[in-house]
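Asks: So that we are looking at the same thing, I have put the structure below in structure tokens.
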Amino acid sequence: MEPVDVAARLVQVPGIVGVSLGGSRARGEHRPDSDTDLGLYYRPPLDTARLQALVDELSQVPAAVTEPGGWGPWVDGGGWLRVDGAAVDWIYRDVDRVRASCSGALAGTFDWHFQVGHPLGFPGTTYAGELFHGVLLADPSGELAASRLQGFSPALRTAVVGRLDEARFLLGGAAKAVPRGDRAYVAACAFRVVLLCVHALHADAGRFVLNEKGAVAATDSLPRSPRGFARRAQEVFALDPGPALDGAAGLLAETLAVVSEDGAQGPR
């Protein structure tokens, strides 16, 4: 069954407002064995009993859907199915929280929230980014299309790039830990510095970072980024603390140079 056909069934479930295709398939970067990620946009109360009945009908392996919030406050909930021999992930998104995320992104609000499975944190702009980069499969009321951002706001670019100040601060603190041999602290600081650079470079290109996985590699495909960024970033984590910080500092300096070119370029 094609994702659009599944989406047509899903919007018949009470509480479901619309369905979006996300992940690598939405970006056209998927492999034949890639999961199909479906965002289930809902407004409480969500009829999970009806959802479970649909799972029982469609999934070729036993699967269960959670109640909203079953996977944590930010990932929310959903279910893992197998349809026509392929993995299909249903992921809940509270449509009112999505609208708030879109409004915040437009205004330049940017921060992270704790969520298991996201070592840097779950960006508050993720819901806005998912809707922006996703493919709408079903939106009967037009609410998702109306909420969707038309571009990456200059205010959000400024906010994300501004977090590079934190990267500078982290490098200073990490340098003091090198003589003490505190490898764990240095590695943690280097990780955050690299990912702050990743977010800034994506923001400069008008793109949201939705997950840490694959984000470093994706930086090399941006219109502009430090030469060999992904390779050099990976090397940082294979080096001793001192050279690792030198490598992270070099990436930060070049990232600052890139995002300073022409200033904020506006929505794109």
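Ordering of the structure tokens sets the chain letters (A, B, ...), residue numbers begin anew at 1 in every chain, and ligands are numbered from 1 in the order given.
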For Asp89 of chain A, work out the shell of residues within 8 Å, counting only C-alpha atoms and skipping chain neighbours fewer than 4 positions away, then give it as a VMD selection string.
Replies: chain A and resid 35 to 38 78 to 81
Asks: Write the residues of the preceding selection, restricted to C-alpha atoms, as a PDB file, in the first residue's frame.
Replies:
ATOM      1  CA  ASP A  35      11.999   3.389   6.586  1.00  0.00           C
ATOM      2  CA  THR A  36       8.889   5.307   5.591  1.00  0.00           C
ATOM      3  CA  ASP A  37       8.240   7.998   8.206  1.00  0.00           C
ATOM      4  CA  LEU A  38       4.683   9.270   8.465  1.00  0.00           C
ATOM      5  CA  GLY A  78       3.333   6.481  17.562  1.00  0.00           C
ATOM      6  CA  GLY A  79       4.053   2.981  16.331  1.00  0.00           C
ATOM      7  CA  TRP A  80       6.424   0.847  14.261  1.00  0.00           C
ATOM      8  CA  LEU A  81       4.737  -1.189  11.538  1.00  0.00           C
TER       9      LEU A  81
END
Asks: Once DSSP has gone over the backbone, tell me which residues of segment 32-109 of chain A are in alpha helix (DSSP H), as a list in words.
Replies: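 So, restricting segment 32-109 of chain A to alpha helix (DSSP H), we get Thr48, Ala49, Arg50, Leu51, Gln52, Ala53, Leu54, Val55, Asp56, Glu57, Leu58, Val95, Asp96, Arg97, Val98, Arg99, Ala100, Ser101, Cys102, Ser103, Gly104, Ala105, Leu106 and Ala107 of chain A.
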Asks: Would you mind exporting C-alpha atoms of the selected residues as a short mmCIF file (atom, residue, chain, number, x, y, z; two decimals), in the first residue's frame?
Replies:
data_model
loop_
_atom_site.label_atom_id
_atom_site.label_comp_id
_atom_site.auth_asym_id
_atom_site.auth_seq_id
_atom_site.Cartn_x
_atom_site.Cartn_y
_atom_site.Cartn_z
CA THR A 48 -5.80 5.32 19.62
CA ALA A 49 -8.18 2.35 19.66
CA ARG A 50 -9.14 3.11 16.05
CA LEU A 51 -5.47 3.61 15.22
CA GLN A 52 -4.64 0.24 16.72
CA ALA A 53 -7.37 -1.40 14.66
CA LEU A 54 -5.79 0.08 11.54
CA VAL A 55 -2.36 -1.17 12.63
CA ASP A 56 -3.76 -4.66 13.12
CA GLU A 57 -5.14 -4.53 9.58
CA LEU A 58 -2.05 -3.12 7.84
CA VAL A 95 -0.96 20.05 15.67
CA ASP A 96 -1.31 22.89 18.18
CA ARG A 97 2.28 22.38 19.35
CA VAL A 98 3.35 22.32 15.71
CA ARG A 99 1.64 25.66 15.11
CA ALA A 100 3.41 27.08 18.17
CA SER A 101 6.74 25.77 16.85
CA CYS A 102 6.10 27.45 13.50
CA SER A 103 5.24 30.74 15.19
CA GLY A 104 8.36 30.51 17.35
CA ALA A 105 10.57 29.77 14.36
CA LEU A 106 9.14 32.73 12.49
CA ALA A 107 9.89 34.97 15.48
#
Asks: According to DSSP computed on the backbone, where in segment 46-142 of chain A is there strand (DSSP E or B)? Give the residues as a PyMOL selection string.
Replies: chain A and resi 72+76+78-83+86-94+112-113+122-123+135-138
Asks: Which polymer residues have any atom within 10 Å of an atom of Val259 of chain A, counting only C-alpha atoms, with same-chain residues fewer than 4 positions away left out, as a VMD selection string?
Replies: chain A and resid 157 to 158 161 197 200 to 205 224 to 225 254 to 255 263 to 265
Asks: To one decimal place in Å, what is the distance between atom CA of Arg231 of chain A and atom CA of Ala217 of chain A?
Replies: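 Distance reported for this atom pair: 8.1 Å.
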Asks: Find the residues near Leu252 of chain A: any atom within 8 Å, counting only C-alpha atoms, skip ones fewer than 2 places away on the same chain, and give them as a list in words.
Replies: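 Returned residues: Leu164, Ala167, Arg168, Val193, Val194, Cys197, Ala248, Ala249, Gly250, Glu254, Thr255 and Leu256 of chain A.
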Asks: For Phe208 of chain A, find every residue with an atom within 9 Å (counting only C-alpha atoms), except residues of its own chain fewer than 3 positions away, and show them as a PyMOL selection string.
Replies: chain A and resi 125-126+128-130+132-133+152+199+202-203+205
Asks: Fewer than 4 positions away in the same chain doesn't count, so skip those; otherwise give me all residues within 8 Å of Ala233 of chain A, counting only C-alpha atoms, as a ChimeraX atom specification.
Replies: /A:194,216,229,237,247-248,251
Asks: Using only C-alpha atoms, determine which residues lie at most 8 Å from segment 177-191 of chain A, disregarding the query and same-chain residues fewer than 4 positions distant; provide the list as a PyMOL selection string.
Replies: chain A and resi 170-171+173+195+236-237+241-242+244-245+248
